[in-house]
Structure formats: structure tokens, C-alpha cells
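**Q** Below is one structure. I have some questions about it.
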Amino acid sequence: MLETLTTTKVAWAIGLLALTWLVRFFMRLHFQRSLVKGLPGPPHSYLFGSLPAVTKVVMQQPQGAAPQTYMQCVKEYYNLGDYFYFDPWPMGPPIMAIFDVDMANQVTMRSPQIPKHPVIADFMKNFGGPGNLVSSEAAEWKKWRSAFNPGFATSYLMTTVPMIVEECDRFCKQMERHAKNNDLFRMEQATTKLTVQIIGKIVLDVDLQAWQGQNPLLQAFKSQVRWQKTGAQFQPSELWDIRRPIIQRYNNWKMDRYLSARIEERFASREGRGKTRHVVDLALEAYLKEVKGTTGDTDKVKGLDPEFKEACISNMKTFIFAGHDTTSSTICYAFYYLSQNPEMLAQIRKEHDDVFGPDPDAVGEKLRQDPFLLNKLDYTLNVTKEVLRLQPPASTVRAAEPGFTLHDPETGTNWPTDNLMLWPANVGMHRQKKYWKDPHTFNPTRFHPSNTENNTAAWIPFSRGSRNCIGQELALLETKVILATIIRKFDFAAAYDELEKLQGDGSGYPCATEGIQTQFGERAYQIQLGTAKPCEGMPCRIRAREGL
Ligand code: HEM
């Protein structure tokens with residue numbers, strides 16, 4: 001009797017729970033579907049939202065293509081206008097994708113700022129943590145941004161050029177070895193080592209030993225990128241891998257331990273060192289200033305406040321991640337596009353001949369003596385800008401307060417944004433015919449001031465407004481130094497047709513040779529691995545130029 005009663009009760013309880021879950025699910029479904037109902041966008045169904053319509057488009061893209069590229073594909077496929085809404089719930093939040101410069105500016109340049117969408121904080125959990133600059137808001141963000149700005153001022157960055165040159169020399173040596181052995185290798189792995197070395201010195205004043213590959217911080221970072229939820233999985237089954245949270249926590253613990261020791265070390269040795277603009281020292285300086293404000297005396301500060309230390313670690317992680325990932329792919333794509341356009345390659349080499357003289361080996365020394373020679377590399381800068389137009393590695397997403405609308409300057413309509421993720425879709429905006437002549441063609445001269453056929457206001461790889469990329473000057477500077485030191489020494493050739501030979505090389509890349517292989521007509525389409533990167537790590541061969 002007791003048993004029957006208990007079984008019945010349990011059955012009722014389960015039934016009630018299931019019913020409650022179903023009611024809540026349908027209430028949520030109704031709410032989500034009503035957000036974009038009747039608004040411009042791809043076909044939308046009550047039950048499945050925009051998922052079937054978007055899936056149709058995704059199926060026509062290469063497997064693993066970066067999600068940020070889908071916006072433009074959806075726009076093209078359904079012939080949509082300069083903004084559209086779509087609703088992938090329960091796979092993700094409803095989105096308003098924006099391709100119009102004016103409307104994108106309403107999102108990024110508004111004062112007070114429109115906050116970051118919560119997906120950014122979620123993404124940054126594993127590359128930052130509480131208080132990181134990318135996802136923090138309001139006073140906390142302002143405090144850190146003002147503390148770090150001096151480390152990215154152009155005048156200061158010029159003093160880092162000799163260090164960047166030194167790392168480029170090491171990169172060149174590695175390329176020489178690859179050329180000599182006629183190696184087939186993945187360029188992204190090499191450029192990542194280079195940019196990691198540079199950012200390690202900028203942020204922590206430390207040699208991260210990326211060339212040797214044994215640093216615990218880097219090993220943890222690499223694993224963290226690989227285990228990231230969005231897009232990093234080459235196998236869909238990895239999405240449900242129960243080891244993910246454990247590995248992510250372990251990686252975070254390893255990174256935190258390494259950085260904590262470094263921060264303590266810099267704190268302890270601060271007096272002997274004096275003022276520097278390494279990011280870690282700028283954080284400590286801001287902390288000591290704050291303490292001085294409350295105690296009037298920093299000499300008495302014997303240790304670091306745990307809250308400060310946590311935020312400091314978060315920011316160091318963020319800078320190391322944001323400061324290498326994006327620049328590394330930019331360099332790869334620069335090699336790629338130049339190799340495909342011999343006349344542009346000749347033009348950039350001529351600019352380097354003109355600025356540095358005929359001997360490519362002399363560039364390093366000349367730059368050490370006069371870093372401002374970089375300001376003469378107009379064409380090189382335009383090449384970098386054009387690379388970032390076609391292959392922007394990152395973008396921003398925001399969430400406005402209730403009632404905020406976006407104004408369409410052409411029709412005068414105010415469009416709702418409540419509960420939506422606002423996405424100025426730079427991949428798409430950079431490929432709009434209304435802004436760019438032959439938008440899918442690589443053409444650096446479109447950035448020449450005399451060129452009036454393009455609207456460069458639609459170039460937003462670093463986003464805009466007060467939350468734009470703090471590291472943009474460094475990224476452009478680095479890319480210029482790297483191109484100046486290397487592009488005359490080697491001929492680069494992408495080797496996607498030899499991909500199967502890299503099978504089992506331990507890189508983790510899938511070596512996918514089946515199915516759709518291009519996007520926007522490009523074999524080196526973007527995948528999501530941390531930020532957006534060239535697929536398969538850009539397999540290539542490199543040859544030392546004859547006569548040099
Ligand atoms: C080609 C290279 C780079 C690209 C395309 C890029 C792109 C971006 C974009 C689009 C944002 C805006 C994100 C948003 O508003 O949500 C951003 C922010 C940021 N970037 Fe970069 N970035 C690059 C290089 C760097 C470098 C070298 C560093 C560090 C030294 C860096 C550090 C940051 C940080 C800390 C933020 C957050 C700024 C803030 O919210 O105040 N980035 N980046």
C-alpha cells in the first residue's frame with residue numbers, strides 16, 4: 001500500500017514538473033518569437049524561429065565556417081536590406097544584424113555607451129574573468145581603460161619597435177629553416193608564436209618562450225581556445241563533451257597561478273624598477289594610486305588586495321588573449337593575399353626598397369635607429385587595412401536598454417531593439433556594394449586618400465566609439481614591422497591542395513578535404529578558434545627569394 005502510494009506520488013511529481021517545464025518553455029518560446037515577429041528578416045516560423053531558414057544557408061557554407069560570416073550569407077541568400085532580425089532561440093539570443101554605417105554608429109558611438117551583450121562576458125569567462133576590460137561596464141571599465149591607455153599611446157608604442165624587430169628576427173630564422181627544408185607547415189602556428197612573444201613583453205615584460213613551446217601559461221591558453229564552446233569544435237560531438245567545464249576550470253587555474261606569481265613579482269620589485277608602461281605595471285600603478293587616495297601613504301602597502309589581484313589577473317589574461325589572436329591571423333592573411341596578387345606584392349616590396357634601401361637584412365637595424373620610418377609605409381598600411389576589411393577577426397555585440405530604437409536614416413523609421421543582441425556585422429559591412437567598389441576583390445589602393453570610389457567610414461574592424469579596440473595601434477604597428485622585415489625575403493604560397501599530407505600533425509586541425517571548401521570565393525575562409533582565423537591554420541610553403 002505504502003509502495004503504491006509512493007510510486008503514484010512520484011509519478012505525479014514528475015508529471016507536474018514536466019508540465020511546469022513545458023508551460024515555461026512555451027511561454028518563453030512565445031516571448032522570443034514575438035520579439036522579431038513582423039520585422040524584416042529571413043523566413044520565420046512560430047515553432048522554429050529563423051533556425052530552418054538560417055540552417056539552409058549554413059548548409060551551403062564550408063563546415064566550421066566562422067559564425068560571424070553567416071550574417072552576410074543570410075543577407076545575400078534572402079536578399080535582405082541593410083539590417084535584419086533573426087531569431088535562433090533556443091540556440092542563441094535573437095539578433096538584429098546591422099550593415100548600415102549610420103545605424104552601426106548609433107550602436108557603438110552612443111553616449112552613454114550601449115553595454116556589451118551578456119554573451120561577451122560568457123565568452124570572456126575563459127580568457128578573462130571578473131573585471132576584464134572587454135566585458136566590464138561603467139565605472140569599472142572606465143577605471144581600467146584610463147589605467148591602460150598610456151600603454152597603447154602611439155608615442156610609447158614607437159619605443160617598443162626594437163623589441164618587435166628582435167622577435168621578427170626570430171620569426172625570420174624560423175622561416176629560413178622552413179624554406180631550407182621545403183617544409184609544408186601551418187602559418188598560423190608560426191605567426192601566433194610571434195604575436196604571443198610580442199604581447200608577452202608588452203603586457204608582462206616577460207619572454208613567454210613561445211618559440212620553445214614550454215610555457216604553462218601558453219599551454220593553458222592553447223587548450224582554452226580549443227575547448228571554447230563557440231565554434232572551436234571540429235567535431236560536433238565535442239559540444240556535449242562532459243570534460244569541457246573541468247578542463248576549462250583547470251586551464252583557468254593554471255593561468256591564474258602563473259599570472260598571480262608574475263603580478264606579485266612585479267609588485268615586490270616595483271621600487272627598483274621605476275615607472276614603466278607594461279600593462280601589468282600600469283595596473284599596479286593604478287592600484288597604488290587608489291590606495292594612496294585612501295591611506296595617504298603607499299609605503300605601508302605590504303601586499304595586494306585580493307579583489308584587485310583578481311581583476312588584475314583577469315585583465316592580464318584578456319590582454320594576452322586579445323593581443324595575439326587577432327594580429328596573428330591578420331599577418332597570415334596579408335601573406336596570403338599578397339601571394340595571390342603579384343603586382344601588389346611588387347608594389348609593397350618597392351615601398352620597402354624606397355624606405356629602407358635594397359638590403360632586406362638592414363631593415364631591423366634601420367628600424368631600431370629610427371622607428372618613425374614606419375610612418376612612411378603608406379602602402380603597407382593600406383594592405384593591412386584591406387586585409388582587415390576582407391577578414392576582420394572580431395566584432396562587437398551590444399544589448400541596449402528597454403525602449404532604445406535604431407533610426408533608419410533613409411526611411412526615417414525607428415526600429416525596436418528590446419531584448420535583442422545588436423550586431424554591427426563588420427564581415428558584411430565590409431562587403432557591401434554601396435560602400436565598396438568590387439567588394440570581394442582585394443585592392444589596397446581603395447584606402448588611398450585620393451580614391452573616392454569607396455566609403456572608408458564603413459571600415460570597422462576595431463569597432464568604433466569609446467569602447468573601440470585599445471590595441472589597434474599596436475596591431476597595425478606590429479603588422480607593418482613584420483611585413484617590412486619579411487616580405488622581401490621570402491615567397492609565400494598557400495598549400496591547401498596538399499592538406500592531406502598534414503593529417504595527424506598534432507595540430508588538432510581537422511584536415512577536411514571533403515564538402516564545400518570556399519566561402520566568398522576564398523579557400524582560406526574563416527573558422528572560429530578563439531577569434532576568427534584562417535581555416536586549417538593556413539597550410540603553406542615558403543621559399544627564400546633568389547638573388548638575396
Ligand atoms: C588586428 C588586430 C585586432 C583586431 C581586429 C581587434 C578587434 C577588436 C574589436 C572589434 C574590439 C571591440 C570589441 C567590442 O567592442 O566588443 C576590440 C576590443 C579590444 N581589444 Fe582588440 N583587436 C585587435 C588587436 C588587439 C590587440 C593587439 C590588443 C591588446 C594589446 C587588443 C585588446 C583589446 C581590448 C583590451 C579590447 C577591449 C577594449 C575596451 O572595451 O575598452 N586588441 N578589439
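We label chains A, B, ... in the order they appear in the C-alpha cells, count residues from 1 in each chain, and number ligands from 1 in the order shown.
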Excluding Leu338 of chain A and its own-chain neighbours fewer than 5 positions away, which residues fall within 9 Å of it when counting only C-alpha atoms? Please give them as a list in words.
**A**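 The filter keeps Tyr333, Glu343, Met344, Leu345, Ala346, Ile348, Val383 and Phe492 of chain A.
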**Q** Those same residues - C-alpha atoms - I'd like them written as a compact mmCIF listing (two decimals), in the first residue's frame.
**A**
```
# COMPACT_ATOMS: atom_id res chain seq x y z
CA TYR A 333 46.03 36.82 -44.46
CA GLU A 343 51.58 43.26 -58.77
CA MET A 344 50.62 44.26 -55.22
CA LEU A 345 53.43 42.17 -53.83
CA ALA A 346 55.81 44.01 -56.16
CA ILE A 348 54.81 46.66 -51.29
CA VAL A 383 47.50 46.38 -47.39
CA PHE A 492 54.87 32.54 -49.69
```
**Q** Collect all residues with atoms no farther than 7 Å from ligand 1, counting only C-alpha atoms and all ligand atoms, and output them as an MDAnalysis selection string.
**A** chainID A and resid 116 133:135 141 145 199 318:320 322:324 326:327 330 388 392:397 461:463 467:472 474:476
**Q** Could you save those same residues with C-alpha atoms as a CSV table (one decimal), in the first residue's frame?
**A**
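Output file out_20.csv follows:
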```csv
chain,number,residue,atom,x,y,z
A,116,LYS,CA,28.1,44.7,-24.2
A,133,LEU,CA,38.3,45.3,-19.8
A,134,VAL,CA,36.4,43.6,-22.7
A,135,SER,CA,33.2,42.8,-20.8
A,141,TRP,CA,35.5,49.7,-17.3
A,145,ARG,CA,40.6,51.8,-19.6
A,199,ILE,CA,52.3,40.6,-26.3
A,318,THR,CA,42.4,39.4,-21.6
A,319,PHE,CA,45.3,41.4,-22.9
A,320,ILE,CA,47.4,38.3,-23.7
A,322,ALA,CA,43.1,39.8,-27.4
A,323,GLY,CA,46.6,41.0,-28.1
A,324,HIS,CA,47.9,38.0,-30.1
A,326,THR,CA,43.7,38.7,-33.9
A,327,THR,CA,47.0,40.1,-35.1
A,330,THR,CA,45.9,39.4,-39.9
A,388,LEU,CA,41.2,43.6,-42.1
A,392,PRO,CA,38.1,41.0,-39.8
A,393,PRO,CA,38.8,38.7,-36.9
A,394,ALA,CA,36.4,40.1,-34.3
A,395,SER,CA,33.4,42.4,-33.8
A,396,THR,CA,31.2,43.7,-31.1
A,397,VAL,CA,27.7,42.8,-29.9
A,461,PRO,CA,37.5,46.0,-37.8
A,462,PHE,CA,38.4,47.7,-34.5
A,463,SER,CA,34.8,48.8,-33.8
A,467,ARG,CA,34.9,51.0,-26.5
A,468,ASN,CA,36.9,50.6,-29.6
A,469,CYS,CA,40.0,48.4,-29.6
A,470,ILE,CA,42.6,49.7,-27.3
A,471,GLY,CA,45.3,47.7,-29.1
A,472,GLN,CA,44.6,48.8,-32.6
A,474,LEU,CA,49.9,48.1,-31.7
A,475,ALA,CA,48.3,45.7,-34.1
A,476,LEU,CA,48.9,48.0,-37.1
```
**Q** Rank A:Asn181, A:Asn132, A:Gln391, A:Gln63 by their smallest atom-to-atom distance to Trp144 of chain A, using only C-alpha atoms, and report the top residue only.
**A**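 Result for the nearest residue to Trp144 of chain A: A:Asn132.
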**Q** Give me, as a ChimeraX atom specification, the residues of segment 138-351 of chain A that a backbone DSSP run labels helix (DSSP H, G or I).
**A** /A:138-152,154-158,161-180,187-204,216-226,236-240,244-268,270-273,279-295,306-322,325-340,342-351
**Q** Which residue, A:Lys143, A:Lys292, A:Lys125, A:His44, has the smallest gap to Phe84 of chain A when you use only C-alpha atoms?
**A**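 Using only C-alpha atoms, the shortest distance to Phe84 of chain A belongs to A:His44.
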**Q** Leaving out Glu386 of chain A and any residue of its chain fewer than 4 positions from it, which residues lie within 7 Å of it when counting only C-alpha atoms, given as a list in words?
**A** Asn382, Leu390, Phe442, Asn443 and Pro444 of chain A
**Q** Would you mind listing, for every residue of segment 144-187 of chain A within 12 Å of segment 206-224 of chain A, the two atoms forming the shortest contact and the distance between them in Å to one decimal, using only C-alpha atoms, sorted by chain and ascending residue number, as a tab-separated table?
**A**
```
residue	atom	partner	partner_atom	distance
A:Met163	CA	A:Asp207	CA	11.0
A:Glu166	CA	A:Asp207	CA	11.8
A:Glu167	CA	A:Trp211	CA	9.9
A:Cys168	CA	A:Trp211	CA	11.8
A:Arg170	CA	A:Trp211	CA	8.5
A:Phe171	CA	A:Trp211	CA	8.8
A:Lys173	CA	A:Trp211	CA	11.0
A:Gln174	CA	A:Trp211	CA	9.0
```
**Q** Which residue, A:Ala532, A:Ala484, A:Cys73, A:Met27, has the smallest gap to Lys366 of chain A when you use only C-alpha atoms?
**A**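 Distance minimum relative to Lys366 of chain A lands on A:Ala484.
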**Q** Which residue, A:Val57, A:Ile202, A:Val279, A:Leu259, has the smallest gap to Pro150 of chain A when you use only C-alpha atoms?
**A**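 Checking each of A:Val57, A:Ile202, A:Val279, A:Leu259 against Pro150 of chain A, counting only C-alpha atoms, the winner is A:Val279.
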**Q** Write out as a list in words the residues lying within 10 Å of Arg545 of chain A, counting only C-alpha atoms and excluding same-chain residues fewer than 2 positions away.
**A**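 With the cut-off at 10 Å, the set is Ala179, Ile487, Arg488, Lys489, Phe490, Asp491, Phe492, Ile542, Arg543, Gly547 and Leu548 of chain A.
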**Q** Would you write out those residues with N, CA and C atoms, as a tab-separated table (two decimals), in the first residue's frame?
**A**
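Saved the output as part23.tsv:
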```tsv
chain	number	residue	atom	x	y	z
A	179	ALA	N	62.06	27.29	-45.16
A	179	ALA	CA	62.39	27.44	-46.59
A	179	ALA	C	63.46	26.42	-46.98
A	487	ILE	N	58.75	40.43	-45.97
A	487	ILE	CA	58.09	40.24	-47.27
A	487	ILE	C	59.06	40.26	-48.46
A	488	ARG	N	60.22	40.89	-48.27
A	488	ARG	CA	61.20	40.88	-49.37
A	488	ARG	C	62.12	39.66	-49.31
A	489	LYS	N	62.06	38.93	-48.22
A	489	LYS	CA	62.99	37.81	-48.08
A	489	LYS	C	62.44	36.49	-48.61
A	490	PHE	N	61.11	36.36	-48.59
A	490	PHE	CA	60.52	35.06	-48.92
A	490	PHE	C	59.37	35.20	-49.90
A	491	ASP	N	59.15	34.11	-50.64
A	491	ASP	CA	57.90	33.97	-51.40
A	491	ASP	C	57.05	32.97	-50.66
A	492	PHE	N	55.80	33.38	-50.45
A	492	PHE	CA	54.87	32.54	-49.69
A	492	PHE	C	53.88	31.90	-50.66
A	542	ILE	N	57.13	28.04	-48.04
A	542	ILE	CA	57.79	29.34	-48.15
A	542	ILE	C	59.15	29.12	-48.81
A	543	ARG	N	59.53	30.08	-49.68
A	543	ARG	CA	60.79	29.93	-50.41
A	543	ARG	C	61.63	31.19	-50.23
A	547	GLY	N	68.57	35.45	-55.31
A	547	GLY	CA	69.37	36.66	-55.50
A	547	GLY	C	69.50	37.48	-54.23
A	548	LEU	N	68.92	36.97	-53.11
A	548	LEU	CA	69.05	37.75	-51.86
A	548	LEU	C	70.04	37.10	-50.91
```
**Q** So, with only C-alpha atoms as the atoms that count, which of A:Lys376, A:Arg28, A:Lys302, A:His440 lies closest to Glu522 of chain A?
**A** A:His440
**Q** Give the strand (DSSP E or B) residues of segment 305-539 of chain A, as DSSP finds them on the backbone, and put them as a PDB file with C-alpha atoms, in the first residue's frame.
**A**
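Everything below was put into part_1.pdb:
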```
ATOM      1  CA  ARG A 398      25.650  45.036 -27.615  1.00  0.00           C
ATOM      2  CA  THR A 405      15.371  52.242 -31.080  1.00  0.00           C
ATOM      3  CA  LEU A 406      17.616  52.426 -34.121  1.00  0.00           C
ATOM      4  CA  HIS A 407      16.838  55.125 -36.616  1.00  0.00           C
ATOM      5  CA  ASN A 414      12.711  53.763 -35.752  1.00  0.00           C
ATOM      6  CA  TRP A 415      13.318  50.052 -35.276  1.00  0.00           C
ATOM      7  CA  PRO A 416      12.883  48.253 -31.936  1.00  0.00           C
ATOM      8  CA  MET A 421      21.595  41.335 -29.489  1.00  0.00           C
ATOM      9  CA  LEU A 422      22.696  44.299 -31.629  1.00  0.00           C
ATOM     10  CA  TRP A 423      25.418  43.236 -34.021  1.00  0.00           C
ATOM     11  CA  PRO A 424      27.223  45.728 -36.272  1.00  0.00           C
ATOM     12  CA  PHE A 490      60.522  35.058 -48.916  1.00  0.00           C
ATOM     13  CA  ASP A 491      57.904  33.975 -51.399  1.00  0.00           C
ATOM     14  CA  PHE A 492      54.867  32.539 -49.687  1.00  0.00           C
ATOM     15  CA  ALA A 493      52.417  30.072 -51.249  1.00  0.00           C
ATOM     16  CA  ALA A 494      49.280  28.709 -49.589  1.00  0.00           C
ATOM     17  CA  GLN A 519      33.406  30.995 -48.801  1.00  0.00           C
ATOM     18  CA  GLU A 522      38.068  32.187 -50.815  1.00  0.00           C
ATOM     19  CA  GLN A 526      37.484  31.996 -41.610  1.00  0.00           C
ATOM     20  CA  ILE A 527      36.807  29.480 -38.869  1.00  0.00           C
ATOM     21  CA  GLN A 528      36.178  30.320 -35.219  1.00  0.00           C
ATOM     22  CA  LEU A 529      39.060  29.368 -32.984  1.00  0.00           C
ATOM     23  CA  THR A 531      38.586  34.731 -32.677  1.00  0.00           C
ATOM     24  CA  ALA A 532      38.094  34.151 -36.437  1.00  0.00           C
ATOM     25  CA  LYS A 533      41.155  32.557 -38.054  1.00  0.00           C
ATOM     26  CA  PRO A 534      42.156  31.173 -41.465  1.00  0.00           C
ATOM     27  CA  PRO A 539      48.920  25.420 -44.750  1.00  0.00           C
TER      28      PRO A 539
END
```
**Q** Which residues are close to Phe447 of chain A, i.e. within 12 Å by only C-alpha atoms, leaving aside same-chain residues fewer than 6 positions away? Reply as a ChimeraX atom specification.
**A** /A:378-389,436-437,453-459
**Q** Emit the selected residues as a compact mmCIF listing (two decimals), in the first residue's frame, including N, CA and C atoms.
**A**
```txt
# COMPACT_ATOMS: atom_id res chain seq x y z
N ASP A 378 52.98 53.84 -46.28
CA ASP A 378 51.55 54.05 -46.56
C ASP A 378 50.90 52.85 -47.24
N TYR A 379 51.62 52.31 -48.23
CA TYR A 379 51.02 51.20 -48.97
C TYR A 379 50.90 49.96 -48.06
N THR A 380 51.92 49.74 -47.24
CA THR A 380 51.90 48.60 -46.31
C THR A 380 50.70 48.73 -45.36
N LEU A 381 50.46 49.95 -44.91
CA LEU A 381 49.31 50.18 -44.03
C LEU A 381 48.01 49.88 -44.78
N ASN A 382 47.96 50.31 -46.04
CA ASN A 382 46.73 50.07 -46.81
C ASN A 382 46.51 48.58 -47.07
N VAL A 383 47.61 47.84 -47.24
CA VAL A 383 47.50 46.38 -47.39
C VAL A 383 46.86 45.80 -46.12
N THR A 384 47.35 46.25 -44.97
CA THR A 384 46.82 45.73 -43.69
C THR A 384 45.35 46.09 -43.54
N LYS A 385 45.01 47.32 -43.92
CA LYS A 385 43.60 47.73 -43.79
C LYS A 385 42.72 46.88 -44.70
N GLU A 386 43.23 46.60 -45.90
CA GLU A 386 42.44 45.81 -46.84
C GLU A 386 42.27 44.36 -46.34
N VAL A 387 43.32 43.84 -45.73
CA VAL A 387 43.22 42.50 -45.13
C VAL A 387 42.13 42.51 -44.06
N LEU A 388 42.16 43.54 -43.23
CA LEU A 388 41.18 43.61 -42.14
C LEU A 388 39.76 43.90 -42.65
N ARG A 389 39.68 44.48 -43.83
CA ARG A 389 38.35 44.68 -44.42
C ARG A 389 37.77 43.31 -44.81
N TRP A 436 31.70 49.77 -51.08
CA TRP A 436 32.98 49.32 -51.63
C TRP A 436 32.83 48.94 -53.09
N LYS A 437 33.76 49.43 -53.92
CA LYS A 437 33.74 49.03 -55.34
C LYS A 437 34.31 47.61 -55.41
N GLU A 453 36.12 56.11 -54.71
CA GLU A 453 35.11 55.12 -55.09
C GLU A 453 34.62 54.27 -53.92
N ASN A 454 35.25 54.46 -52.78
CA ASN A 454 34.90 53.65 -51.61
C ASN A 454 34.55 54.56 -50.44
N ASN A 455 33.71 54.04 -49.55
CA ASN A 455 33.39 54.81 -48.35
C ASN A 455 34.09 54.16 -47.15
N THR A 456 35.25 54.68 -46.80
CA THR A 456 36.05 54.03 -45.76
C THR A 456 35.45 54.22 -44.35
N ALA A 457 34.39 55.01 -44.26
CA ALA A 457 33.69 55.10 -42.96
C ALA A 457 33.06 53.75 -42.63
N ALA A 458 32.92 52.90 -43.64
CA ALA A 458 32.33 51.57 -43.41
C ALA A 458 33.38 50.55 -43.01
N TRP A 459 34.58 51.01 -42.70
CA TRP A 459 35.67 50.10 -42.26
C TRP A 459 35.69 50.09 -40.73
```
**Q** Go through A:Ile486, A:Phe308, A:Ser466, A:Ala524 and flag the residue nearest Ser111 of chain A, using only C-alpha atoms for the distances.
**A**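 So, comparing all the options, the nearest one is A:Ser466.
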